[in-house]
Each structure stands twice: as C-alpha cells, then as structure tokens.
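J.: Have a peek at model.cif (mmCIF, C-alpha atoms).
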data_run
loop_
_atom_site.label_atom_id
_atom_site.label_comp_id
_atom_site.auth_asym_id
_atom_site.auth_seq_id
_atom_site.Cartn_x
_atom_site.Cartn_y
_atom_site.Cartn_z
CA MET Z 1 -0.87 27.35 -10.51
CA THR Z 2 -0.44 30.94 -11.62
CA ASN Z 3 3.01 32.29 -10.93
CA THR Z 4 4.47 29.91 -8.37
CA ALA Z 5 7.01 28.70 -10.91
CA ALA Z 6 8.71 32.09 -10.92
CA LYS Z 7 9.52 31.87 -7.22
CA PRO Z 8 12.53 29.98 -5.91
CA ALA Z 9 10.66 26.92 -4.66
CA LEU Z 10 13.69 25.14 -3.24
CA GLN Z 11 14.13 25.68 0.50
CA THR Z 12 11.01 27.56 1.56
CA VAL Z 13 7.96 25.44 2.08
CA GLU Z 14 5.87 27.75 -0.04
CA THR Z 15 2.14 27.38 0.46
CA PRO Z 16 0.08 28.23 -2.61
CA ALA Z 17 -2.23 31.16 -1.96
CA ASN Z 18 -5.39 29.10 -2.06
CA ALA Z 19 -4.04 26.66 0.55
CA ALA Z 20 -3.77 29.37 3.19
CA ALA Z 21 -7.32 29.19 4.45
CA VAL Z 22 -8.08 25.47 4.16
CA SER Z 23 -10.13 24.32 7.14
CA ILE Z 24 -9.72 20.99 8.94
CA TRP Z 25 -13.24 20.10 7.84
CA GLU Z 26 -12.39 20.74 4.17
CA ILE Z 27 -9.33 18.49 4.45
CA PHE Z 28 -11.40 15.73 6.04
CA LEU Z 29 -14.11 16.05 3.42
CA GLU Z 30 -11.73 16.04 0.45
CA PHE Z 31 -9.91 12.93 1.70
CA LEU Z 32 -13.26 11.32 2.53
CA ILE Z 33 -14.28 11.79 -1.11
CA ILE Z 34 -10.96 10.30 -2.28
CA GLY Z 35 -11.41 7.43 0.18
CA ALA Z 36 -14.90 6.73 -1.14
CA THR Z 37 -14.22 6.97 -4.87
CA SER Z 38 -10.66 5.73 -5.41
CA PHE Z 39 -11.43 2.34 -6.89
CA GLY Z 40 -8.41 0.43 -8.14
CA GLY Z 41 -5.59 2.48 -6.63
CA VAL Z 42 -5.44 5.77 -4.77
CA VAL Z 43 -2.55 7.68 -6.38
CA PRO Z 44 -4.24 8.92 -9.58
CA TYR Z 45 -7.26 10.05 -7.55
CA LEU Z 46 -4.98 11.86 -5.09
CA ARG Z 47 -3.32 13.75 -7.89
CA GLY Z 48 -6.59 14.66 -9.59
CA SER Z 49 -8.05 15.91 -6.36
CA LEU Z 50 -5.12 17.60 -4.61
CA VAL Z 51 -3.21 19.03 -7.58
CA THR Z 52 -5.80 19.55 -10.31
CA LYS Z 53 -9.03 20.23 -8.44
CA ARG Z 54 -7.99 21.80 -5.12
CA GLN Z 55 -4.51 23.07 -6.04
CA TRP Z 56 -3.37 22.36 -2.49
CA THR Z 57 -0.03 21.29 -3.94
CA ASP Z 58 1.69 21.37 -7.34
CA ASP Z 59 3.01 18.52 -9.44
CA LYS Z 60 6.62 18.92 -8.31
CA GLU Z 61 5.73 18.82 -4.64
CA PHE Z 62 3.24 16.00 -5.22
CA VAL Z 63 5.93 13.79 -6.80
CA GLU Z 64 8.33 14.68 -3.97
CA MET Z 65 5.73 13.72 -1.34
CA LEU Z 66 4.96 10.51 -3.21
CA SER Z 67 8.61 9.49 -3.23
CA ILE Z 68 8.82 10.11 0.53
CA SER Z 69 5.63 8.06 1.00
CA GLN Z 70 7.11 5.20 -0.98
CA SER Z 71 10.41 5.11 0.93
CA LEU Z 72 8.72 5.13 4.34
CA PRO Z 73 6.84 2.25 5.91
CA GLY Z 74 3.10 2.72 5.58
CA LEU Z 75 0.74 2.72 2.64
CA ASN Z 76 1.16 5.36 -0.04
CA ALA Z 77 -2.43 6.47 0.42
CA THR Z 78 -2.25 7.09 4.17
CA ASN Z 79 1.27 8.53 4.09
CA MET Z 80 0.15 11.00 1.42
CA ALA Z 81 -2.87 11.96 3.55
CA VAL Z 82 -0.54 12.62 6.49
CA LEU Z 83 1.97 14.63 4.42
CA VAL Z 84 -0.63 16.77 2.65
CA GLY Z 85 -2.64 17.26 5.85
CA GLU Z 86 0.52 18.27 7.70
CA LYS Z 87 1.43 20.75 5.01
CA LEU Z 88 -2.00 22.38 5.10
CA ARG Z 89 -2.89 22.40 8.80
CA GLY Z 90 -0.21 20.62 10.86
CA VAL Z 91 -1.15 17.77 13.22
CA MET Z 92 -4.91 18.26 12.97
CA GLY Z 93 -4.68 18.38 9.19
CA SER Z 94 -2.84 15.03 9.17
CA ILE Z 95 -5.41 13.42 11.44
CA ALA Z 96 -8.29 14.78 9.33
CA GLY Z 97 -6.63 13.51 6.16
CA ILE Z 98 -5.91 9.98 7.33
CA MET Z 99 -9.32 9.55 8.98
CA GLY Z 100 -11.07 10.79 5.86
CA ILE Z 101 -9.23 8.49 3.48
CA CYS Z 102 -9.66 5.40 5.71
CA LEU Z 103 -13.28 5.80 6.76
CA PRO Z 104 -15.23 4.73 3.62
CA GLY Z 105 -13.11 1.66 2.82
CA GLY Z 106 -12.96 0.75 6.50
CA LEU Z 107 -16.75 0.82 6.90
CA LEU Z 108 -17.17 -1.15 3.69
CA MET Z 109 -14.70 -3.86 4.75
CA PHE Z 110 -16.33 -3.97 8.19
CA ALA Z 111 -19.62 -4.88 6.50
CA VAL Z 112 -17.94 -7.19 3.97
CA GLY Z 113 -16.16 -9.02 6.80
CA ILE Z 114 -19.42 -9.71 8.61
CA PHE Z 115 -21.15 -10.81 5.42
CA TYR Z 116 -18.23 -13.04 4.40
CA ARG Z 117 -18.11 -14.67 7.81
CA HIS Z 118 -21.74 -15.73 7.53
CA HIS Z 119 -21.98 -16.53 3.84
CA GLY Z 120 -18.37 -17.11 2.75
CA ASP Z 121 -18.79 -20.85 2.42
CA HIS Z 122 -21.63 -20.78 -0.10
CA THR Z 123 -20.42 -22.51 -3.26
CA PHE Z 124 -21.39 -19.49 -5.35
CA ILE Z 125 -19.26 -17.13 -3.26
CA THR Z 126 -16.35 -19.55 -2.94
CA ALA Z 127 -16.24 -19.83 -6.73
CA ALA Z 128 -16.27 -16.04 -7.17
CA LEU Z 129 -13.58 -15.58 -4.51
CA LYS Z 130 -11.29 -18.08 -6.24
CA GLY Z 131 -11.38 -15.84 -9.32
CA VAL Z 132 -10.94 -12.69 -7.25
CA ALA Z 133 -7.90 -14.06 -5.40
CA ALA Z 134 -6.24 -15.13 -8.65
CA ALA Z 135 -6.88 -11.67 -10.08
CA ALA Z 136 -5.30 -10.08 -7.00
CA VAL Z 137 -2.10 -12.05 -7.67
CA GLY Z 138 -2.03 -10.73 -11.24
CA LEU Z 139 -2.67 -7.23 -9.94
CA ILE Z 140 0.27 -7.34 -7.53
CA LEU Z 141 2.52 -8.72 -10.26
CA SER Z 142 1.59 -5.82 -12.53
CA THR Z 143 2.48 -3.41 -9.71
CA VAL Z 144 5.84 -5.16 -9.39
CA VAL Z 145 6.49 -4.77 -13.12
CA SER Z 146 5.48 -1.11 -13.36
CA LEU Z 147 7.40 -0.20 -10.19
CA SER Z 148 10.48 -1.96 -11.57
CA LYS Z 149 10.25 0.10 -14.74
CA LYS Z 150 9.90 3.36 -12.84
CA ALA Z 151 11.88 3.08 -9.62
CA LEU Z 152 15.02 1.09 -10.44
CA SER Z 153 18.22 2.96 -11.30
CA HIS Z 154 20.65 0.11 -12.00
CA ASN Z 155 20.51 -3.38 -13.54
CA PHE Z 156 22.14 -4.82 -10.44
CA ASP Z 157 18.96 -3.88 -8.55
CA PHE Z 158 17.42 -7.11 -9.86
CA VAL Z 159 19.93 -9.01 -7.73
CA PHE Z 160 18.62 -7.16 -4.65
CA ILE Z 161 15.05 -7.98 -5.67
CA ALA Z 162 15.96 -11.68 -6.01
CA ALA Z 163 17.89 -11.64 -2.72
CA THR Z 164 14.87 -10.13 -0.94
CA VAL Z 165 12.47 -12.73 -2.33
CA ILE Z 166 14.82 -15.62 -1.47
CA ALA Z 167 15.42 -14.30 2.05
CA VAL Z 168 11.69 -14.02 2.77
CA ASN Z 169 10.22 -17.00 0.91
CA ARG Z 170 13.04 -19.58 0.95
CA LEU Z 171 15.24 -18.77 3.95
CA HIS Z 172 12.27 -17.52 6.02
CA LEU Z 173 14.41 -14.77 7.52
CA GLY Z 174 11.33 -12.64 8.12
CA VAL Z 175 10.60 -9.24 6.67
CA PRO Z 176 12.41 -7.10 9.30
CA ARG Z 177 15.75 -8.90 9.07
CA THR Z 178 15.55 -9.04 5.29
CA LEU Z 179 14.73 -5.35 5.15
CA VAL Z 180 17.72 -4.42 7.30
CA ALA Z 181 20.22 -6.81 5.68
CA VAL Z 182 19.38 -6.44 1.99
CA GLY Z 183 18.39 -2.81 2.50
CA ALA Z 184 21.79 -1.93 3.98
CA LEU Z 185 23.61 -3.67 1.15
CA ALA Z 186 21.48 -1.94 -1.47
CA VAL Z 187 21.92 1.50 0.09
CA LEU Z 188 25.69 0.95 0.27
CA PHE Z 189 25.67 -0.17 -3.34
CA HIS Z 190 24.01 3.11 -4.28
CA HIS Z 191 26.48 5.11 -2.17
CA PRO Z 192 26.56 8.88 -2.75
CA ARG Z 193 29.49 9.08 -5.16
CA LYS Z 194 27.94 6.45 -7.40
CA ALA Z 195 24.49 8.05 -7.12
CA GLN Z 196 25.97 11.35 -8.21
CA LYS Z 197 27.45 9.83 -11.34
CA GLU Z 198 24.14 8.22 -12.22
CA SER Z 199 22.08 11.33 -11.55
CA VAL Z 200 23.22 12.76 -14.88
CA LYS Z 201 20.48 10.70 -16.45
CA PRO Z 202 17.61 10.64 -14.01
CA MET W 203 -10.64 -14.34 25.52
CA ASN W 204 -9.91 -10.65 25.03
CA GLU W 205 -7.95 -10.43 21.80
CA ILE W 206 -7.59 -6.64 21.68
CA PRO W 207 -4.04 -6.40 23.14
CA ALA W 208 -2.83 -9.11 20.78
CA LEU W 209 -4.52 -7.39 17.83
CA ILE W 210 -2.81 -4.12 18.69
CA ARG W 211 0.58 -5.78 19.08
CA VAL W 212 0.36 -7.73 15.84
CA PHE W 213 -0.93 -4.90 13.66
CA ALA W 214 1.39 -2.25 15.09
CA TYR W 215 4.26 -4.60 14.24
CA LEU W 216 2.92 -5.32 10.74
CA SER W 217 2.52 -1.58 10.22
CA ILE W 218 6.28 -1.05 10.39
CA LEU W 219 6.88 -3.75 7.76
CA THR W 220 4.78 -2.13 5.02
CA VAL W 221 7.74 -0.64 3.16
CA GLY W 222 6.71 -0.06 -0.43
CA GLY W 223 3.14 -1.26 0.07
CA GLY W 224 0.82 -3.32 2.22
CA MET W 225 1.78 -6.52 0.41
CA ALA W 226 5.28 -6.32 1.92
CA ALA W 227 3.79 -7.31 5.27
CA PHE W 228 1.75 -10.20 3.85
CA PRO W 229 4.13 -13.11 4.64
CA GLU W 230 4.40 -11.94 8.24
CA MET W 231 0.67 -11.24 8.42
CA LYS W 232 -0.05 -14.81 7.32
CA ILE W 233 2.20 -16.23 10.05
CA LEU W 234 0.83 -14.03 12.83
CA THR W 235 -2.89 -13.92 12.06
CA VAL W 236 -3.28 -17.47 10.70
CA ASP W 237 -0.59 -19.68 12.28
CA VAL W 238 0.04 -17.98 15.62
CA HIS W 239 -3.25 -16.38 16.66
CA LYS W 240 -5.65 -18.40 14.48
CA TRP W 241 -7.96 -15.43 13.96
CA LEU W 242 -8.74 -16.77 10.48
CA THR W 243 -7.64 -19.44 7.99
CA PHE W 244 -5.19 -18.90 5.13
CA PRO W 245 -7.90 -19.11 2.45
CA GLN W 246 -9.97 -16.60 4.42
CA LEU W 247 -7.00 -14.21 4.61
CA ILE W 248 -6.48 -14.47 0.86
CA HIS W 249 -10.18 -13.92 0.21
CA LEU W 250 -10.37 -10.85 2.43
CA TYR W 251 -7.22 -9.36 0.94
CA SER W 252 -8.51 -9.94 -2.58
CA VAL W 253 -11.99 -8.58 -1.92
CA GLY W 254 -10.26 -5.59 -0.34
CA GLN W 255 -8.81 -4.77 -3.74
CA ILE W 256 -12.30 -3.89 -4.95
CA ALA W 257 -12.91 -1.52 -2.04
CA PRO W 258 -11.92 2.14 -2.51
CA GLY W 259 -9.30 3.81 -0.35
CA PRO W 260 -6.04 2.39 1.05
CA ASN W 261 -5.75 -1.20 -0.19
CA MET W 262 -5.28 -2.87 3.19
CA MET W 263 -8.64 -2.02 4.69
CA MET W 264 -9.31 -5.77 4.94
CA ILE W 265 -7.48 -5.59 8.27
CA VAL W 266 -10.74 -4.10 9.61
CA SER W 267 -12.46 -7.42 8.88
CA ILE W 268 -9.81 -9.35 10.80
CA GLY W 269 -10.15 -6.96 13.73
CA GLN W 270 -13.92 -7.30 13.66
CA TRP W 271 -13.79 -11.11 13.64
CA ALA W 272 -11.33 -11.32 16.48
CA GLY W 273 -12.61 -8.51 18.68
CA GLY W 274 -15.87 -7.04 17.40
CA ILE W 275 -16.23 -3.34 16.70
CA LEU W 276 -13.56 -2.49 19.27
CA GLY W 277 -11.23 -4.95 17.60
CA ALA W 278 -11.81 -3.23 14.26
CA ILE W 279 -11.02 0.20 15.70
CA ALA W 280 -7.97 -1.13 17.59
CA VAL W 281 -6.59 -2.72 14.43
CA LEU W 282 -7.07 0.49 12.44
CA ALA W 283 -5.31 2.60 15.05
CA ALA W 284 -2.49 0.08 15.48
CA PHE W 285 -1.93 -0.42 11.76
CA PHE W 286 -2.05 3.22 10.66
CA GLY W 287 -0.94 5.03 13.83
CA PRO W 288 2.80 4.20 13.95
CA THR W 289 3.47 4.83 10.27
CA ALA W 290 1.41 8.03 10.35
CA VAL W 291 3.49 9.39 13.23
CA LEU W 292 6.66 8.36 11.42
CA ALA W 293 5.57 10.00 8.16
CA PHE W 294 4.63 13.13 10.07
CA MET W 295 8.05 13.37 11.71
CA VAL W 296 10.11 12.35 8.72
CA ALA W 297 8.34 14.71 6.32
CA LYS W 298 9.95 17.75 7.89
CA ALA W 299 13.38 16.22 8.39
CA TRP W 300 13.41 14.76 4.87
CA LYS W 301 12.94 18.21 3.31
CA LYS W 302 15.89 19.56 5.26
CA LEU W 303 18.02 16.65 4.09
CA GLU W 304 17.61 17.60 0.45
CA LYS W 305 21.33 18.29 0.13
CA TRP W 306 22.42 15.22 2.12
CA PRO W 307 24.11 12.90 -0.41
CA TRP W 308 22.94 9.68 1.27
CA ARG W 309 19.31 10.70 0.77
CA THR W 310 19.39 9.64 -2.87
CA SER W 311 21.31 6.49 -1.91
CA ILE W 312 18.63 5.50 0.58
CA GLN W 313 15.85 6.09 -1.93
CA ARG W 314 17.64 4.13 -4.65
CA GLY W 315 18.63 1.34 -2.30
CA LEU W 316 15.18 0.90 -0.83
CA ALA W 317 13.50 0.76 -4.24
CA PRO W 318 14.64 -2.78 -5.19
CA VAL W 319 14.13 -4.06 -1.64
CA SER W 320 10.57 -2.80 -1.48
CA ILE W 321 9.85 -4.31 -4.89
CA GLY W 322 11.35 -7.58 -3.63
CA LEU W 323 9.13 -7.49 -0.54
CA LEU W 324 6.11 -6.89 -2.75
CA LEU W 325 7.06 -9.87 -4.89
CA ALA W 326 7.71 -12.06 -1.84
CA GLY W 327 4.26 -11.15 -0.53
CA CYS W 328 2.80 -11.95 -3.91
CA PHE W 329 4.44 -15.39 -3.96
CA SER W 330 3.26 -16.33 -0.50
CA MET W 331 -0.24 -15.31 -1.47
CA ALA W 332 -0.01 -17.18 -4.78
CA LYS W 333 0.69 -20.38 -2.83
CA GLY W 334 -2.88 -20.23 -1.59
CA ALA W 335 -4.56 -18.47 -4.49
CA ILE W 336 -3.11 -20.22 -7.53
CA THR W 337 -4.43 -23.75 -7.20
CA GLY W 338 -4.52 -24.94 -10.78
CA THR W 339 -4.47 -24.03 -14.44
CA GLU W 340 -7.64 -21.93 -14.27
CA THR W 341 -6.48 -19.65 -11.46
CA ALA W 342 -3.03 -19.32 -13.04
CA ALA W 343 -4.70 -18.31 -16.31
CA ILE W 344 -6.78 -15.65 -14.55
CA ALA W 345 -3.68 -14.20 -12.83
CA VAL W 346 -1.68 -14.11 -16.06
CA ALA W 347 -4.60 -12.59 -17.98
CA VAL W 348 -5.02 -9.83 -15.39
CA LEU W 349 -1.28 -9.15 -15.43
CA LEU W 350 -1.11 -8.91 -19.22
CA ILE W 351 -4.24 -6.77 -19.52
CA LEU W 352 -2.97 -4.33 -16.89
CA LEU W 353 0.44 -4.07 -18.57
CA GLN W 354 -1.09 -3.56 -21.98
CA TYR W 355 -4.16 -1.39 -21.40
CA LYS W 356 -5.24 1.40 -19.09
CA VAL W 357 -7.99 -0.47 -17.27
CA ASN W 358 -9.19 0.16 -13.74
CA PRO W 359 -7.80 -2.79 -11.72
CA ALA W 360 -10.92 -2.90 -9.54
CA LEU W 361 -13.00 -3.68 -12.64
CA LEU W 362 -10.68 -6.56 -13.56
CA VAL W 363 -10.96 -7.98 -10.06
CA LEU W 364 -14.75 -7.77 -10.32
CA ALA W 365 -14.72 -9.41 -13.75
CA SER W 366 -12.58 -12.21 -12.32
CA ALA W 367 -15.29 -12.87 -9.77
CA GLY W 368 -17.58 -13.54 -12.71
CA VAL W 369 -15.00 -15.77 -14.37
CA GLY W 370 -14.60 -17.59 -11.05
CA ILE W 371 -18.34 -18.29 -10.87
CA LEU W 372 -18.35 -19.64 -14.43
CA ALA W 373 -15.22 -21.75 -13.92
CA PHE W 374 -15.55 -23.09 -10.39
CA MET W 375 -19.27 -23.49 -9.71
CA PRO W 376 -19.99 -27.19 -9.24
CA LYS W 377 -22.11 -28.21 -12.20
#
In structure tokens, how does this file's structure come out?

T.:
Amino acid sequence: MTNTAAKPALQTVETPANAAAVSIWEIFLEFLIIGATSFGGVVPYLRGSLVTKRQWTDDKEFVEMLSISQSLPGLNATNMAVLVGEKLRGVMGSIAGIMGICLPGGLLMFAVGIFYRHHGDHTFITAALKGVAAAAVGLILSTVVSLSKKALSHNFDFVFIAATVIAVNRLHLGVPRTLVAVGALAVLFHHPRKAQKESVKP
Amino acid sequence: MNEIPALIRVFAYLSILTVGGGMAAFPEMKILTVDVHKWLTFPQLIHLYSVGQIAPGPNMMMIVSIGQWAGGILGAIAVLAAFFGPTAVLAFMVAKAWKKLEKWPWRTSIQRGLAPVSIGLLLAGCFSMAKGAITGTETAAIAVAVLLILLQYKVNPALLVLASAGVGILAFMPK
C-alpha cells in the first residue's frame, strides 16, 4: 500500500506490484490457511490475510468485491475466493482459491458426519447438540441484525424483509419465486433516480 | 440406490438460492433433503448445520456430511461440486461485467433492492430452523443469550456455539 492511492484507480483493474508474481500454489495455500483457521466467520480473516498480510488487494477493492459477493448467489467466503483468485491468476486462480478455502472445513465435516451418524444418539451428544442448535439460531439472528444496520438504505426496506419472510414461511411460495417477486419490487422501489437522491448520504 | 444424480440436482439447485448467505437456502434444503429424499431427519439437519458453525471455512460445509451419508465419499465430492460450482462460475463471469457496469444507474438499485430481500431470506431460514431447534424455555434462553452477547460484545461466534454445547449438556442431560 505505498503509492497506489495517487493513481486513478477507477476504470483500470490495477494490480498492486506485489500481486504480479503470485503463483497458483501460493493462492491455494493462502486460502487453505484461511479455510483452516477462520473460526466463527470468514470475512475478517479474509481481510486480515488478503489486504493486511499479503496485500493482494486494498481496502477499497476488498469492500467492492465483498459487496459483489453479497449480491450474488453463493456464500461470501467462496465468492470472495473466486473473485480474488480471478483477479490474481484468472480461472486457475479462482479454482485454487475456492478449493483451498473449502478443503479444511470439508474434511472436518466429512469426519464429523461419520462420527455423528454413529454416535449422534448418545444422550450426552444429543444434549450438547440441543444447546448448539439453539446457539446457531441466536447466531443467525445476530447476523440479521448487523446486516440490517449496515446494508439497508431506507426504512421501507423492513416491509420487504417482512414480505420475504411471510412469502417463504407462511405462504410457502418457495425461495426462487419469493426472490424474483419481492426482489423485483424492491429493485424497482430503489430505482435509479431515487437511488441517486439517497446517495448524497451513503 | 444410486443417490449421486439426485444429490447433484438438489445441491446445484440449492446453490442458486443462497443469495445473501447459506441460510437463505435452508427452508428449501429442509424440504428437499428431509421431506423429499429422506437423506436425513429434520433434527439431524439442524444438528449438522449447527455443528458446522464451529467448523472453520465457508459456513455450509455440513453439506459434505449429507453427501457422505447419502452417497459415500463420491456423494460428498458430488455435493461439493454441485453446491459451489454453479455460483463460482456465476461469480467468475459477473465479476468482470459488474466492474464495467460501475456507471450503470440500475447497479445501485439492484444492490439496494437485494439487500432487504437477502436479509428476509436469512430470517426466513432462521425461523424454519428455529421451529426444530427452539423446543422450550431453555433453548429459547440460549438463543437469546447468544444474540445479545454477539450484539453487545466482540466475541468469536464459534466460541459461543461451543459454550452452548456445554450449557446443553448441563441443561438437557437426563439426571
């Protein structure tokens, strides 16, 4: 992060100097480390590793990539691996990134699945899992709250949130139809002229 | 008996639904893996998802367990490829186009419009999971405690999930 700020970073996909010679193996290894150590949510680990440690991207581009990852289907973690891998080394970089980030957790859950299948009905484990499942609900709710604080741009957005929940849980419309119907309405609500007016205060 | 084609179909479809996070696909995942294909029971799905929150990496790696149960090691690999392949290809293609669309006025509209819908999908997934996970006062108390702690303090969520396993043992072990 030396003098990249001085350059016009808008249109050109500027690669920082130290990203020029990143090998596929390095990409795989870095994402493997993230995949093995990112307990409790990947995003902070991604930033620490890609921006701070490796300087493969800067904060501005990182936030931009994250917002693309969030708007697209797919998990943030794997979408980020694809986007950063693509930026560094094209198709092979993407593949190295996504395989690296998935491998440790995948192997772990492979083993956990086998263990759970054989021992999941022990009273001791059932009791622990009851607590774990309840905690997971609290965890998702906290994600909902913090996302709402960060990502919403208008109070009316809460109506779209409610409409989505009702469509899926009460009307059983299914996720795809809900996504298309409520999504279209919400995008139209935030049509460009309105978005422009609001963009004064980001 | 070969479940691999069905696994691929189901998880490739679920892959497309994960707008805003893996939880968005949960209601559909419950219907397809539990009700339709009977690869596992609803409590088992909830348990695997929850244990998956302790594992590092992308938070839906529990799909590997489902693949392994239904189709062995090949099932696990098939599920991984089906679940992450389509969205990876999409992200790869959109990444370039999205940069070029920086000046396109509807770009902001799409981002702003999708935000509340993806939060709604997350919440819907949370509710359908809560139906199975919140079974009484104790579990509700654990969920609320985790929520409040996470909102108030900077704690690693994986640690809270682990701690809740301990609370679960204390609260639900038959005396």

J.: What residues in chain W lie within 6 Å of chain Z, counting all atoms listed in the file, written as a ChimeraX atom specification?

T.: /W:218,220-223,252,257-260,263-264,266-267,289,307-308,311-312,315-316,318-319,322,326,335,341,344-346,348-349,358-360,363,366-367,370-371,374-375

J.: Show me, as AutoDock Vina command-line options, the centre and edge lengths in Å to one decimal of the axis-aligned box that covers every listed atom of stretch 106-120 of chain Z with 8 Å on each side.

T.:
--center_x -17.5 --center_y -8.1 --center_z 5.7 --size_x 25.0 --size_y 33.9 --size_z 21.9

J.: Would you mind listing what lies within 9 Å of W:Leu242 as a PyMOL selection string, with all atoms listed in the file counted and same-chain residues fewer than 6 positions away left out?

T.: chain W and resi 235-236+268+271-272

J.: Output C-alpha atoms for every residue in that selection, as a PDB file, in the frame of the given file.

T.:
ATOM      1  CA  THR W 235      -2.890 -13.920  12.060  1.00  0.00           C
ATOM      2  CA  VAL W 236      -3.280 -17.470  10.700  1.00  0.00           C
ATOM      3  CA  ILE W 268      -9.810  -9.350  10.800  1.00  0.00           C
ATOM      4  CA  TRP W 271     -13.790 -11.110  13.640  1.00  0.00           C
ATOM      5  CA  ALA W 272     -11.330 -11.320  16.480  1.00  0.00           C
TER       6      ALA W 272
END

J.: Can you work out which one of Z:Leu171, Z:Arg177, Z:Val22, Z:Leu29 has the shortest atom-to-atom distance to Z:Arg89, counting all atoms listed in the file?

T.: Z:Val22

J.: Provide stretch 332-357 of chain W rebuilt to N, CA and C atoms, formatted as a short mmCIF file (atom, residue, chain, number, x, y, z; two decimals), in the frame of the given file.

T.:
data_model
loop_
_atom_site.label_atom_id
_atom_site.label_comp_id
_atom_site.auth_asym_id
_atom_site.auth_seq_id
_atom_site.Cartn_x
_atom_site.Cartn_y
_atom_site.Cartn_z
N ALA W 332 0.26 -16.32 -3.64
CA ALA W 332 -0.01 -17.18 -4.78
C ALA W 332 -0.07 -18.65 -4.35
N LYS W 333 0.71 -19.00 -3.33
CA LYS W 333 0.69 -20.38 -2.83
C LYS W 333 -0.72 -20.83 -2.47
N GLY W 334 -1.51 -19.89 -1.96
CA GLY W 334 -2.88 -20.23 -1.59
C GLY W 334 -3.89 -19.92 -2.68
N ALA W 335 -3.57 -18.95 -3.53
CA ALA W 335 -4.56 -18.47 -4.49
C ALA W 335 -4.48 -19.17 -5.84
N ILE W 336 -3.27 -19.56 -6.22
CA ILE W 336 -3.11 -20.22 -7.53
C ILE W 336 -3.11 -21.72 -7.29
N THR W 337 -4.27 -22.35 -7.56
CA THR W 337 -4.43 -23.75 -7.20
C THR W 337 -4.46 -24.67 -8.40
N GLY W 338 -4.46 -24.08 -9.60
CA GLY W 338 -4.52 -24.94 -10.78
C GLY W 338 -4.37 -24.11 -12.04
N THR W 339 -4.64 -24.72 -13.16
CA THR W 339 -4.47 -24.03 -14.44
C THR W 339 -5.39 -22.83 -14.56
N GLU W 340 -6.66 -23.00 -14.09
CA GLU W 340 -7.64 -21.93 -14.27
C GLU W 340 -7.22 -20.67 -13.52
N THR W 341 -6.85 -20.83 -12.24
CA THR W 341 -6.48 -19.65 -11.46
C THR W 341 -5.20 -19.02 -12.01
N ALA W 342 -4.27 -19.86 -12.45
CA ALA W 342 -3.03 -19.32 -13.04
C ALA W 342 -3.37 -18.51 -14.28
N ALA W 343 -4.32 -19.02 -15.08
CA ALA W 343 -4.70 -18.31 -16.31
C ALA W 343 -5.33 -16.96 -15.98
N ILE W 344 -6.16 -16.92 -14.95
CA ILE W 344 -6.78 -15.65 -14.55
C ILE W 344 -5.70 -14.65 -14.13
N ALA W 345 -4.75 -15.10 -13.31
CA ALA W 345 -3.68 -14.20 -12.83
C ALA W 345 -2.87 -13.65 -14.00
N VAL W 346 -2.49 -14.54 -14.91
CA VAL W 346 -1.68 -14.11 -16.06
C VAL W 346 -2.48 -13.16 -16.94
N ALA W 347 -3.77 -13.47 -17.15
CA ALA W 347 -4.60 -12.59 -17.98
C ALA W 347 -4.69 -11.20 -17.37
N VAL W 348 -4.93 -11.13 -16.06
CA VAL W 348 -5.02 -9.83 -15.39
C VAL W 348 -3.70 -9.07 -15.52
N LEU W 349 -2.60 -9.79 -15.30
CA LEU W 349 -1.28 -9.15 -15.43
C LEU W 349 -1.08 -8.56 -16.82
N LEU W 350 -1.35 -9.38 -17.85
CA LEU W 350 -1.11 -8.91 -19.22
C LEU W 350 -2.04 -7.75 -19.59
N ILE W 351 -3.29 -7.85 -19.20
CA ILE W 351 -4.24 -6.77 -19.52
C ILE W 351 -3.79 -5.46 -18.87
N LEU W 352 -3.37 -5.55 -17.60
CA LEU W 352 -2.97 -4.33 -16.89
C LEU W 352 -1.71 -3.72 -17.49
N LEU W 353 -0.80 -4.59 -17.98
CA LEU W 353 0.44 -4.07 -18.57
C LEU W 353 0.17 -3.46 -19.94
N GLN W 354 -0.85 -3.97 -20.61
CA GLN W 354 -1.09 -3.56 -21.98
C GLN W 354 -2.07 -2.41 -22.11
N TYR W 355 -3.09 -2.40 -21.26
CA TYR W 355 -4.16 -1.39 -21.40
C TYR W 355 -4.35 -0.62 -20.11
N LYS W 356 -4.91 0.58 -20.27
CA LYS W 356 -5.24 1.40 -19.09
C LYS W 356 -6.62 1.01 -18.60
N VAL W 357 -6.70 -0.03 -17.80
CA VAL W 357 -7.99 -0.47 -17.27
C VAL W 357 -7.97 -0.25 -15.77
#
